[in-house]
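Q: Can you read through this structure? Questions will come right after.
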Amino acid sequence: MTAPIATSQTILVVGGGISGMTAALEAAECGRDVVLVERSPTLGGRTALLYRYFPKMCHPTCGLEINLRRLKGNRNVRVMTMVEVVRIEGKRGAYTATLKIRPRYVNENCTVCGDCAAAVGAEIPNPHNYGQDKIKAAYLPFAMAYPQRYVLDPSLIGTEDADKAKAACKVGAIDLAMQEETVELAVGAVVWATGWKPYDAAKIQPYGYGRFPNVVTSVEFERMADPAGPTGGKLLRPSDGQEAKNIAFIQCAGSRDENHLRHCSRICCMATLKQTQYVRESQGDAAKSTVYYIDIRAIDRFEDFYQMVQKDASVTFVKSKVASIDQARNQDLVLNGVDTEGYHRYASTHDLVVLAIGMEPESNGLTLPDDLITDSSGFIEGTLDGGMVGAGAAASPLDVNRSVQSATGAALRAIKVIHQTVGEEA
């Protein structure tokens, strides 16, 4: 274990998505020292996996590029990737955080030339596309990844491919001897920005995810629509690679359900409205989207976007919670339920079904400090003394805009803790 690399006036931000980046930058630009740690090999989180934002339908690269430029130019922020928080002990103003750093097997010499990837034959499921395609086991996570450095999957180590990757690197960036490290940080406040993960759709048995190939989740569909995604931006049925032209979107897939997630995930309605426009752009006049919904929650300025989609002749709304899905012989999907506007039963056929999957806090399953308070769904509220706070989707189901607002507030609360404890010491 190495010696501490921070002080009690340092703020630790756990999670490098849009919320973590925002919290770190806001605190750093106010003059505080910040350590930003991220479990994956790159910053960006779920935002980096989006094709477009709603309601402006712009690409997330804009916001990410600005934040990355701010990070690179601010010496008050130390970024650490492939890091997990193992333990946090102490009290407000005087925490000791124990971090586990996993080996990347690629050092700072990397020039992102891609020679290591070209040299290896082994492939792994692509995490950037939710495993819908494969990439080389020596890879750059995505084009805008930060740090801009390749990573070797641990499955390569000890294989002939690892030796090939090392031999191919002309700048000595491949370090197969890297080992896991443990470090300690002395910090005064902690911002938990661990984000969210898609609810496991396979648990919703009546919808057949995992059993019927043409049932996909909204996050998988988002990557399909992206030209840099697994299908090159084409909306293809996983079963046969044919273009899907009659697509069903099922709302509240796992959310607002005592058997799954009790809470409303808040982003799902707008995500689906946005994705109906992907269908329109991809298929033109042949497009057909059907939204099965309980109610549409398009709050604040998003109501205008909702009204715009309602006027789209290619989009149909059916007020109903789908009861079950059956698969036909040609692998089309038959949705069964009752339309509550008219109360008639339906058995409607579609060639692709998209489940608007709910948001579950990423912190579920992680070992959290004993004094960290979470709500009934696992979202982080913070500690009673204010020394640790939740931010963004770690604290509540939020879209990108509201996550940024939440993260700014969390940064201010963390700064307040530092100022108060410095004053107490004085």
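In the structure tokens, chains take the letters A, B, ... in the order shown, each chain's residues start at 1, and ligands count up from 1 in the order shown.
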Got a sec: who's within 9 Å of stretch 219-231 of chain A, counting only C-alpha atoms, leaving out chain neighbours fewer than 4 positions off, as a list in words?
A: Leu49, Leu50, Tyr51, Arg52, Asn126, His128, Asn129, Tyr130, Gly131, Gln132, Asp133, Lys134, Pro198, Leu235, Leu236, Ala271, Gln275, Tyr278, Val279, Ser282, Val354, Leu355, Ala356 and Ile357 of chain A
Q: Between A:Ala118, A:Ala393, A:Val400, A:Ala48, which has the minimum distance to A:Leu68 (counting only C-alpha atoms)?
A: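 Closest to A:Leu68, using only C-alpha atoms: A:Ala48.
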Q: Quick one, how far is atom CA of A:Asp161 from atom CA of A:Val79?
A: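 Separation of atom CA of A:Asp161 and atom CA of A:Val79: 29.4 Å.
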Q: Contacts of A:Val417 at 9 Å or less, counting only C-alpha atoms, minus same-chain residues fewer than 6 places along, as a PDB file with N, CA, C and O atoms, in the first residue's frame?
A:
```pdb
ATOM      1  N   ARG A  92     -16.458  13.498   8.713  1.00  0.00           N
ATOM      2  CA  ARG A  92     -16.551  14.719   7.908  1.00  0.00           C
ATOM      3  C   ARG A  92     -15.313  15.582   8.098  1.00  0.00           C
ATOM      4  O   ARG A  92     -14.926  15.920   9.197  1.00  0.00           O
ATOM      5  N   GLY A  93     -14.651  15.884   6.990  1.00  0.00           N
ATOM      6  CA  GLY A  93     -13.452  16.693   7.051  1.00  0.00           C
ATOM      7  C   GLY A  93     -12.171  15.906   7.218  1.00  0.00           C
ATOM      8  O   GLY A  93     -11.084  16.455   7.064  1.00  0.00           O
ATOM      9  N   GLY A 188     -11.412  15.454   2.568  1.00  0.00           N
ATOM     10  CA  GLY A 188     -12.301  16.102   3.518  1.00  0.00           C
ATOM     11  C   GLY A 188     -13.768  15.898   3.216  1.00  0.00           C
ATOM     12  O   GLY A 188     -14.614  15.967   4.106  1.00  0.00           O
ATOM     13  N   ALA A 189     -14.097  15.651   1.950  1.00  0.00           N
ATOM     14  CA  ALA A 189     -15.490  15.457   1.540  1.00  0.00           C
ATOM     15  C   ALA A 189     -15.522  14.501   0.356  1.00  0.00           C
ATOM     16  O   ALA A 189     -14.541  14.375  -0.382  1.00  0.00           O
ATOM     17  N   GLY A 386     -23.248  15.634   6.351  1.00  0.00           N
ATOM     18  CA  GLY A 386     -22.987  16.344   5.102  1.00  0.00           C
ATOM     19  C   GLY A 386     -21.626  16.120   4.498  1.00  0.00           C
ATOM     20  O   GLY A 386     -21.300  16.694   3.458  1.00  0.00           O
ATOM     21  N   GLY A 387     -20.801  15.269   5.119  1.00  0.00           N
ATOM     22  CA  GLY A 387     -19.461  15.029   4.602  1.00  0.00           C
ATOM     23  C   GLY A 387     -19.439  14.261   3.297  1.00  0.00           C
ATOM     24  O   GLY A 387     -18.485  14.378   2.514  1.00  0.00           O
TER      25      GLY A 387
END
```
Q: One decimal, in Å: what's the spacing between atom CA of A:Val86 and atom CA of A:Ser403?
A: 24.8 Å
Q: I want to know what sits within 10 Å of A:Asp375, based on only C-alpha atoms, with residues of the same chain fewer than 6 positions away left out; could you give that as a list in words?
A: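 My list of contacting residues is Glu381, Gly382, Ala395 and Ser396 of chain A.
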Q: When you count only C-alpha atoms, which of these residues is closest to A:Tyr207: A:Ile380, A:Ala97, A:Val151, A:Val353?
A: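 Result for the nearest residue to A:Tyr207: A:Val353.
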Q: Tell me, as a CSV table (one decimal) with N, CA, C and O atoms, in the first residue's frame, which residues lie within 7 Å of A:Ala168, counting only C-alpha atoms; anything in the same chain fewer than 5 positions away does not count.
A:
```
chain,number,residue,atom,x,y,z
A,115,ASP,N,-1.6,-0.1,-33.3
A,115,ASP,CA,-0.8,-1.3,-33.8
A,115,ASP,C,-1.0,-2.5,-32.9
A,115,ASP,O,-1.0,-3.6,-33.3
A,116,CYS,N,-1.2,-2.2,-31.6
A,116,CYS,CA,-1.5,-3.4,-30.7
A,116,CYS,C,-2.8,-4.1,-31.0
A,116,CYS,O,-2.8,-5.3,-31.0
A,119,ALA,N,-2.4,-6.3,-34.0
A,119,ALA,CA,-1.6,-7.4,-33.8
A,119,ALA,C,-2.3,-8.6,-33.2
A,119,ALA,O,-1.8,-9.8,-33.3
```
Q: Would you list the contacts of A:Thr408 as a PyMOL selection string, taking every protein, DNA or RNA residue within 12 Å and counting only C-alpha atoms, but skipping same-chain residues closer than 2 positions in sequence?
A: chain A and resi 18-30+191+193+389-392+401-406+410-415
Q: Would you work out the distance separating atom CA of A:Lys100 from atom CA of A:Gly63, expressed in Å to one decimal?
A: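 Calculated distance between atom CA of A:Lys100 and atom CA of A:Gly63 is 29.3 Å.
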Q: Give me, as a PyMOL selection string, all polymer residues having an atom no more than 8 Å from A:Asp175, counting only C-alpha atoms and skipping those fewer than 6 positions away in the same chain.
A: chain A and resi 105-107+166
Q: Apply DSSP to the structure's backbone, then extract all residues of stretch 144-354 of chain A labelled strand (DSSP E or B) and return them as JSON, numbers by chain.
A: {"A": [151, 152, 174, 181, 182, 183, 184, 185, 186, 187, 189, 190, 191, 192, 196, 197, 198, 209, 212, 215, 216, 217, 236, 243, 246, 247, 248, 249, 250, 251, 252, 253, 288, 289, 290, 291, 292, 293, 315, 316, 317, 318, 319, 324, 325, 326, 327, 333, 334, 335, 336, 337, 338, 339, 344, 345, 346, 347, 348, 349, 350, 352, 353, 354]}
